[in-house]
file input_14.json (JSON, C-alpha atoms)
[["chain", "number", "residue", "atom", "x", "y", "z"],
["A", 14, "MET", "CA", 25.39, -156.78, -39.98],
["A", 15, "ARG", "CA", 28.36, -156.96, -37.73],
["A", 16, "ALA", "CA", 31.46, -155.04, -38.64],
["A", 17, "GLU", "CA", 34.54, -157.13, -39.18],
["A", 18, "GLY", "CA", 36.50, -157.51, -35.95],
["A", 19, "ALA", "CA", 33.58, -156.44, -33.75],
["A", 20, "SER", "CA", 32.96, -158.60, -30.72],
["A", 21, "SER", "CA", 29.67, -160.32, -30.04],
["A", 22, "LEU", "CA", 27.77, -159.28, -26.96],
["A", 23, "TYR", "CA", 26.90, -162.03, -24.52],
["A", 24, "ILE", "CA", 24.76, -161.36, -21.51],
["A", 25, "ALA", "CA", 24.63, -163.99, -18.81],
["A", 26, "GLU", "CA", 22.75, -163.49, -15.60],
["A", 27, "PRO", "CA", 21.43, -165.62, -12.80],
["A", 28, "ALA", "CA", 17.76, -166.41, -12.71],
["A", 29, "GLY", "CA", 16.17, -163.32, -11.25],
["A", 30, "LYS", "CA", 13.17, -162.95, -9.06],
["A", 31, "TYR", "CA", 11.05, -160.79, -11.29],
["A", 32, "THR", "CA", 7.67, -160.06, -9.89],
["A", 33, "ARG", "CA", 4.70, -158.62, -11.62],
["A", 34, "TYR", "CA", 2.70, -158.35, -8.44],
["A", 35, "PRO", "CA", 2.99, -155.40, -6.05],
["A", 36, "PRO", "CA", 4.26, -156.27, -2.56],
["A", 37, "LEU", "CA", 2.04, -156.31, 0.51],
["A", 38, "VAL", "CA", 3.14, -156.89, 4.09],
["A", 39, "ILE", "CA", 0.42, -158.76, 5.99],
["A", 40, "ASP", "CA", 0.23, -159.16, 9.72],
["A", 41, "CYS", "CA", -1.13, -162.00, 11.80],
["A", 42, "SER", "CA", -4.60, -160.46, 12.10],
["A", 43, "VAL", "CA", -5.04, -160.47, 8.33],
["A", 44, "LEU", "CA", -3.75, -163.98, 7.85],
["A", 45, "ALA", "CA", -5.74, -165.35, 10.80],
["A", 46, "ALA", "CA", -8.91, -163.88, 9.30],
["A", 47, "VAL", "CA", -8.28, -165.87, 6.13],
["A", 48, "LEU", "CA", -7.01, -169.12, 7.63],
["A", 49, "PHE", "CA", -9.64, -169.33, 10.38],
["A", 50, "ASP", "CA", -12.55, -168.14, 8.23],
["A", 51, "GLU", "CA", -13.24, -165.17, 10.47],
["A", 52, "PRO", "CA", -15.81, -162.47, 9.60],
["A", 53, "GLU", "CA", -13.09, -160.24, 8.07],
["A", 54, "ARG", "CA", -12.00, -163.03, 5.69],
["A", 55, "GLU", "CA", -13.43, -161.51, 2.50],
["A", 56, "THR", "CA", -11.96, -158.09, 3.24],
["A", 57, "ALA", "CA", -8.55, -159.69, 3.83],
["A", 58, "LEU", "CA", -8.75, -161.77, 0.65],
["A", 59, "VAL", "CA", -9.60, -158.71, -1.43],
["A", 60, "ALA", "CA", -6.61, -156.82, 0.04],
["A", 61, "MET", "CA", -4.29, -159.77, -0.65],
["A", 62, "ALA", "CA", -5.50, -160.52, -4.18],
["A", 63, "GLY", "CA", -2.88, -160.00, -6.87],
["A", 64, "LYS", "CA", -0.15, -159.13, -4.36],
["A", 65, "GLU", "CA", 3.18, -160.69, -3.51],
["A", 66, "LEU", "CA", 2.87, -161.33, 0.22],
["A", 67, "PHE", "CA", 5.56, -160.63, 2.81],
["A", 68, "ALA", "CA", 5.78, -160.92, 6.58],
["A", 69, "PRO", "CA", 8.48, -160.94, 9.22],
["A", 70, "ASP", "CA", 9.63, -164.43, 10.11],
["A", 71, "LEU", "CA", 7.88, -164.16, 13.48],
["A", 72, "LEU", "CA", 4.54, -164.62, 11.71],
["A", 73, "ASP", "CA", 4.70, -168.40, 12.00],
["A", 74, "HIS", "CA", 5.11, -168.16, 15.78],
["A", 75, "GLU", "CA", 2.16, -165.80, 16.04],
["A", 76, "MET", "CA", 0.01, -168.11, 13.91],
["A", 77, "VAL", "CA", 0.90, -171.07, 16.16],
["A", 78, "SER", "CA", -0.24, -168.97, 19.12],
["A", 79, "VAL", "CA", -3.57, -168.24, 17.41],
["A", 80, "ALA", "CA", -3.94, -171.92, 16.51],
["A", 81, "LEU", "CA", -3.38, -172.91, 20.14],
["A", 82, "LYS", "CA", -6.09, -170.48, 21.29],
["A", 83, "LYS", "CA", -8.49, -171.83, 18.65],
["A", 84, "SER", "CA", -7.68, -175.39, 19.67],
["A", 85, "LYS", "CA", -8.38, -174.63, 23.35],
["A", 86, "ALA", "CA", -11.72, -173.16, 22.25],
["A", 87, "GLY", "CA", -12.65, -176.54, 20.72],
["A", 88, "LEU", "CA", -11.49, -175.87, 17.17],
["A", 89, "GLU", "CA", -8.54, -178.27, 17.05],
["A", 90, "LYS", "CA", -9.32, -179.52, 13.54],
["A", 91, "ALA", "CA", -9.53, -175.95, 12.21],
["A", 92, "ALA", "CA", -6.28, -175.08, 13.97],
["A", 93, "LYS", "CA", -4.40, -177.95, 12.38],
["A", 94, "ARG", "CA", -5.87, -177.18, 8.96],
["A", 95, "ALA", "CA", -4.91, -173.50, 9.30],
["A", 96, "LEU", "CA", -1.32, -174.38, 10.11],
["A", 97, "GLN", "CA", -1.18, -176.70, 7.09],
["A", 98, "ASP", "CA", -2.64, -173.96, 4.90],
["A", 99, "LEU", "CA", -0.05, -171.57, 6.32],
["A", 100, "SER", "CA", 2.78, -173.87, 5.26],
["A", 101, "ASP", "CA", 1.28, -174.06, 1.75],
["A", 102, "LEU", "CA", 0.81, -170.30, 1.41],
["A", 103, "ARG", "CA", 3.02, -168.36, -0.97],
["A", 104, "LEU", "CA", 4.44, -165.89, 1.52],
["A", 105, "THR", "CA", 7.96, -164.56, 1.78],
["A", 106, "ARG", "CA", 9.20, -164.46, 5.35],
["A", 107, "CYS", "CA", 11.87, -161.88, 6.12],
["A", 108, "ALA", "CA", 14.23, -161.19, 8.98],
["A", 109, "VAL", "CA", 14.17, -157.69, 10.43],
["A", 110, "ASP", "CA", 16.91, -155.74, 12.15],
["A", 111, "SER", "CA", 16.29, -156.04, 15.90],
["A", 112, "ALA", "CA", 17.87, -152.68, 16.80],
["A", 113, "ALA", "CA", 15.73, -150.86, 14.24],
["A", 114, "GLN", "CA", 12.70, -152.85, 15.40],
["A", 115, "TYR", "CA", 13.37, -151.77, 18.99],
["A", 116, "ASP", "CA", 13.76, -148.12, 18.00],
["A", 117, "LEU", "CA", 10.55, -148.15, 15.97],
["A", 118, "ALA", "CA", 8.60, -149.90, 18.75],
["A", 119, "ARG", "CA", 9.74, -147.28, 21.28],
["A", 120, "ARG", "CA", 9.15, -144.32, 18.97],
["A", 121, "MET", "CA", 5.64, -145.44, 17.94],
["A", 122, "ASN", "CA", 4.66, -147.12, 21.23],
["A", 123, "LEU", "CA", 4.15, -150.49, 19.51],
["A", 124, "SER", "CA", 4.74, -154.04, 20.61],
["A", 125, "ALA", "CA", 7.92, -155.62, 19.32],
["A", 126, "TYR", "CA", 5.79, -157.83, 17.08],
["A", 127, "ASP", "CA", 3.86, -154.96, 15.52],
["A", 128, "ALA", "CA", 7.07, -153.00, 15.02],
["A", 129, "ALA", "CA", 8.50, -155.93, 13.03],
["A", 130, "TYR", "CA", 5.63, -155.76, 10.51],
["A", 131, "LEU", "CA", 5.90, -152.00, 10.19],
["A", 132, "LEU", "CA", 9.67, -152.08, 9.87],
["A", 133, "LEU", "CA", 9.40, -154.65, 7.07],
["A", 134, "ALA", "CA", 6.83, -152.53, 5.23],
["A", 135, "THR", "CA", 9.18, -149.55, 5.55],
["A", 136, "LYS", "CA", 12.15, -151.56, 4.30],
["A", 137, "LEU", "CA", 10.22, -152.94, 1.31],
["A", 138, "ARG", "CA", 8.47, -149.61, 0.68],
["A", 139, "ALA", "CA", 5.28, -151.65, 0.65],
["A", 140, "PRO", "CA", 1.83, -151.17, 2.10],
["A", 141, "LEU", "CA", 0.95, -152.92, 5.35],
["A", 142, "ALA", "CA", -2.39, -154.69, 5.83],
["A", 143, "THR", "CA", -3.67, -155.10, 9.39],
["A", 144, "PHE", "CA", -6.92, -155.18, 11.32],
["A", 145, "ASP", "CA", -5.09, -153.77, 14.37],
["A", 146, "GLN", "CA", -6.08, -150.12, 14.86],
["A", 147, "GLN", "CA", -2.96, -149.07, 16.76],
["A", 148, "LEU", "CA", -0.65, -150.66, 14.19],
["A", 149, "GLY", "CA", -2.72, -149.23, 11.34],
["A", 150, "ASN", "CA", -2.47, -145.71, 12.74],
["A", 151, "ALA", "CA", 1.28, -146.05, 13.31],
["A", 152, "ALA", "CA", 1.70, -147.40, 9.78],
["A", 153, "ARG", "CA", -0.11, -144.43, 8.28],
["A", 154, "THR", "CA", 2.25, -142.09, 10.11],
["A", 155, "VAL", "CA", 5.50, -143.95, 9.43],
["A", 156, "LEU", "CA", 4.81, -144.98, 5.84],
["A", 157, "SER", "CA", 3.72, -141.49, 4.86],
["A", 158, "GLU", "CA", 7.15, -140.26, 6.03],
["A", 159, "ALA", "CA", 9.06, -142.91, 4.07]]
call {"tool": "encode", "arguments": {"input": "input_14.json", "output": "structure tokens"}}
result
Amino acid sequence: MRAEGASSLYIAEPAGKYTRYPPLVIDCSVLAAVLFDEPERETALVAMAGKELFAPDLLDHEMVSVALKKSKAGLEKAAKRALQDLSDLRLTRCAVDSAAQYDLARRMNLSAYDAAYLLLATKLRAPLATFDQQLGNAARTVLSEA
């Protein structure tokens, strides 16, 4: 029962993005394994299962580069299909701070591209999935410090 003169409580909020899946930052090597049916495909799919996927917005450019290489190797149909599958994939693309990306790349001796993935994982406090040994080792170091 409400006491006389007491106000009613109204809560209004915008639609929120509530996720029940843990985040995972994936790099181009992981996504290429899936989209191009490479030998590591099953391992990548298991890592991605049940996760909310994130990548820096440069991922699309890297995937186009992979598709071009596959196309030149005679796999044009697979390349086009992979790019279509990429556009259909539920993956959040994120911008990263270029100054922080630069600093991380220099500190960890990474390419600018690899530093973008690692910086995003750090920002999201999320694991990073990669088949790249150098990036994987850097991620273990940096993410254990975060």
call {"tool": "closest_residue", "arguments": {"input": "input_14.json", "among": "A:Glu51, A:Asp110, A:Asp98, A:Glu89", "to": "Pro69 in chain A", "atoms": "only C-alpha atoms"}}
result
A:Asp110
call {"tool": "closest_residue", "arguments": {"input": "input_14.json", "among": "A:Ala68, A:Asp101, A:Arg33, A:Val47", "to": "Tyr130 in chain A", "atoms": "all atoms listed in the file"}}
result
A:Ala68
call {"tool": "closest_residue", "arguments": {"input": "input_14.json", "among": "A:Ala46, A:Leu71, A:Leu156, A:Met61", "to": "Arg103 in chain A", "atoms": "all atoms listed in the file"}}
result
A:Met61
call {"tool": "residues_around", "arguments": {"input": "input_14.json", "residues": "Ala118 in chain A", "least_positions_apart": "6", "cutoff": "9 Å", "atoms": "all atoms listed in the file", "output": "ChimeraX atom specification"}}
result
/A:124-129
call {"tool": "atom_distance", "arguments": {"input": "input_14.json", "atom1": "CA of Ala62 in chain A", "atom2": "CA of Tyr34 in chain A"}}
result
9.5 Å
call {"tool": "atom_distance", "arguments": {"input": "input_14.json", "atom1": "CA of Asp145 in chain A", "atom2": "CA of Val38 in chain A"}}
result
13.5 Å
call {"tool": "atom_distance", "arguments": {"input": "input_14.json", "atom1": "CA of Glu75 in chain A", "atom2": "CA of Ile39 in chain A"}}
result
12.4 Å
call {"tool": "closest_residue", "arguments": {"input": "input_14.json", "among": "A:Met76, A:Leu58, A:Leu141, A:Val43", "to": "Ser100 in chain A", "atoms": "all atoms listed in the file"}}
result
A:Met76
call {"tool": "residues_around", "arguments": {"input": "input_14.json", "residues": "range 131-138 of chain A", "least_positions_apart": "4", "cutoff": "10 Å", "atoms": "only C-alpha atoms", "output": "mmCIF file with C-alpha atoms, in the coordinates of the input"}}
result
data_model
loop_
_atom_site.group_PDB
_atom_site.id
_atom_site.type_symbol
_atom_site.label_atom_id
_atom_site.label_comp_id
_atom_site.auth_asym_id
_atom_site.auth_seq_id
_atom_site.Cartn_x
_atom_site.Cartn_y
_atom_site.Cartn_z
ATOM 1 C CA PRO A 36 4.260 -156.270 -2.560
ATOM 2 C CA LEU A 37 2.040 -156.310 0.510
ATOM 3 C CA VAL A 38 3.140 -156.890 4.090
ATOM 4 C CA ILE A 39 0.420 -158.760 5.990
ATOM 5 C CA ASP A 40 0.230 -159.160 9.720
ATOM 6 C CA PHE A 67 5.560 -160.630 2.810
ATOM 7 C CA ALA A 68 5.780 -160.920 6.580
ATOM 8 C CA PRO A 69 8.480 -160.940 9.220
ATOM 9 C CA ARG A 106 9.200 -164.460 5.350
ATOM 10 C CA CYS A 107 11.870 -161.880 6.120
ATOM 11 C CA ALA A 108 14.230 -161.190 8.980
ATOM 12 C CA VAL A 109 14.170 -157.690 10.430
ATOM 13 C CA ASP A 110 16.910 -155.740 12.150
ATOM 14 C CA SER A 111 16.290 -156.040 15.900
ATOM 15 C CA ALA A 113 15.730 -150.860 14.240
ATOM 16 C CA GLN A 114 12.700 -152.850 15.400
ATOM 17 C CA TYR A 115 13.370 -151.770 18.990
ATOM 18 C CA ASP A 116 13.760 -148.120 18.000
ATOM 19 C CA LEU A 117 10.550 -148.150 15.970
ATOM 20 C CA ALA A 118 8.600 -149.900 18.750
ATOM 21 C CA LEU A 123 4.150 -150.490 19.510
ATOM 22 C CA TYR A 126 5.790 -157.830 17.080
ATOM 23 C CA ASP A 127 3.860 -154.960 15.520
ATOM 24 C CA ALA A 142 -2.390 -154.690 5.830
ATOM 25 C CA LEU A 148 -0.650 -150.660 14.190
ATOM 26 C CA GLY A 149 -2.720 -149.230 11.340
ATOM 27 C CA ALA A 151 1.280 -146.050 13.310
ATOM 28 C CA ALA A 152 1.700 -147.400 9.780
ATOM 29 C CA ARG A 153 -0.110 -144.430 8.280
ATOM 30 C CA VAL A 155 5.500 -143.950 9.430
ATOM 31 C CA LEU A 156 4.810 -144.980 5.840
ATOM 32 C CA SER A 157 3.720 -141.490 4.860
ATOM 33 C CA GLU A 158 7.150 -140.260 6.030
ATOM 34 C CA ALA A 159 9.060 -142.910 4.070
#
call {"tool": "closest_residue", "arguments": {"input": "input_14.json", "among": "A:Asn122, A:Glu65, A:Leu72, A:Pro140", "to": "Leu44 in chain A", "atoms": "all atoms listed in the file"}}
result
A:Leu72
call {"tool": "build_atoms", "arguments": {"input": "input_14.json", "residues": "range 96-111 of chain A", "atoms": "N, CA and C atoms", "output": "compact mmCIF listing (two decimals), in the coordinates of the input"}}
result
# COMPACT_ATOMS: atom_id res chain seq x y z
N LEU A 96 -2.78 -174.30 10.13
CA LEU A 96 -1.32 -174.38 10.11
C LEU A 96 -0.81 -175.08 8.85
N GLN A 97 -1.55 -176.06 8.36
CA GLN A 97 -1.18 -176.70 7.09
C GLN A 97 -1.32 -175.71 5.94
N ASP A 98 -2.44 -174.98 5.94
CA ASP A 98 -2.64 -173.96 4.90
C ASP A 98 -1.56 -172.89 4.96
N LEU A 99 -1.13 -172.55 6.16
CA LEU A 99 -0.05 -171.57 6.32
C LEU A 99 1.23 -172.06 5.66
N SER A 100 1.54 -173.34 5.85
CA SER A 100 2.78 -173.87 5.26
C SER A 100 2.68 -173.93 3.74
N ASP A 101 1.47 -174.01 3.20
CA ASP A 101 1.28 -174.06 1.75
C ASP A 101 1.19 -172.68 1.10
N LEU A 102 1.02 -171.66 1.91
CA LEU A 102 0.81 -170.30 1.41
C LEU A 102 2.08 -169.74 0.78
N ARG A 103 1.90 -169.05 -0.32
CA ARG A 103 3.02 -168.36 -0.97
C ARG A 103 3.24 -167.04 -0.26
N LEU A 104 4.18 -167.04 0.66
CA LEU A 104 4.44 -165.89 1.52
C LEU A 104 5.93 -165.84 1.80
N THR A 105 6.54 -164.71 1.52
CA THR A 105 7.96 -164.56 1.78
C THR A 105 8.15 -164.06 3.20
N ARG A 106 8.89 -164.83 3.98
CA ARG A 106 9.20 -164.46 5.35
C ARG A 106 10.57 -163.78 5.38
N CYS A 107 10.66 -162.68 6.11
CA CYS A 107 11.87 -161.88 6.12
C CYS A 107 12.34 -161.61 7.54
N ALA A 108 13.64 -161.60 7.71
CA ALA A 108 14.23 -161.19 8.98
C ALA A 108 14.20 -159.66 9.04
N VAL A 109 14.10 -159.14 10.24
CA VAL A 109 14.17 -157.69 10.43
C VAL A 109 15.30 -157.38 11.40
N ASP A 110 15.83 -156.19 11.30
CA ASP A 110 16.91 -155.74 12.15
C ASP A 110 16.35 -155.45 13.55
N SER A 111 16.86 -156.15 14.55
CA SER A 111 16.29 -156.04 15.90
C SER A 111 16.51 -154.65 16.52
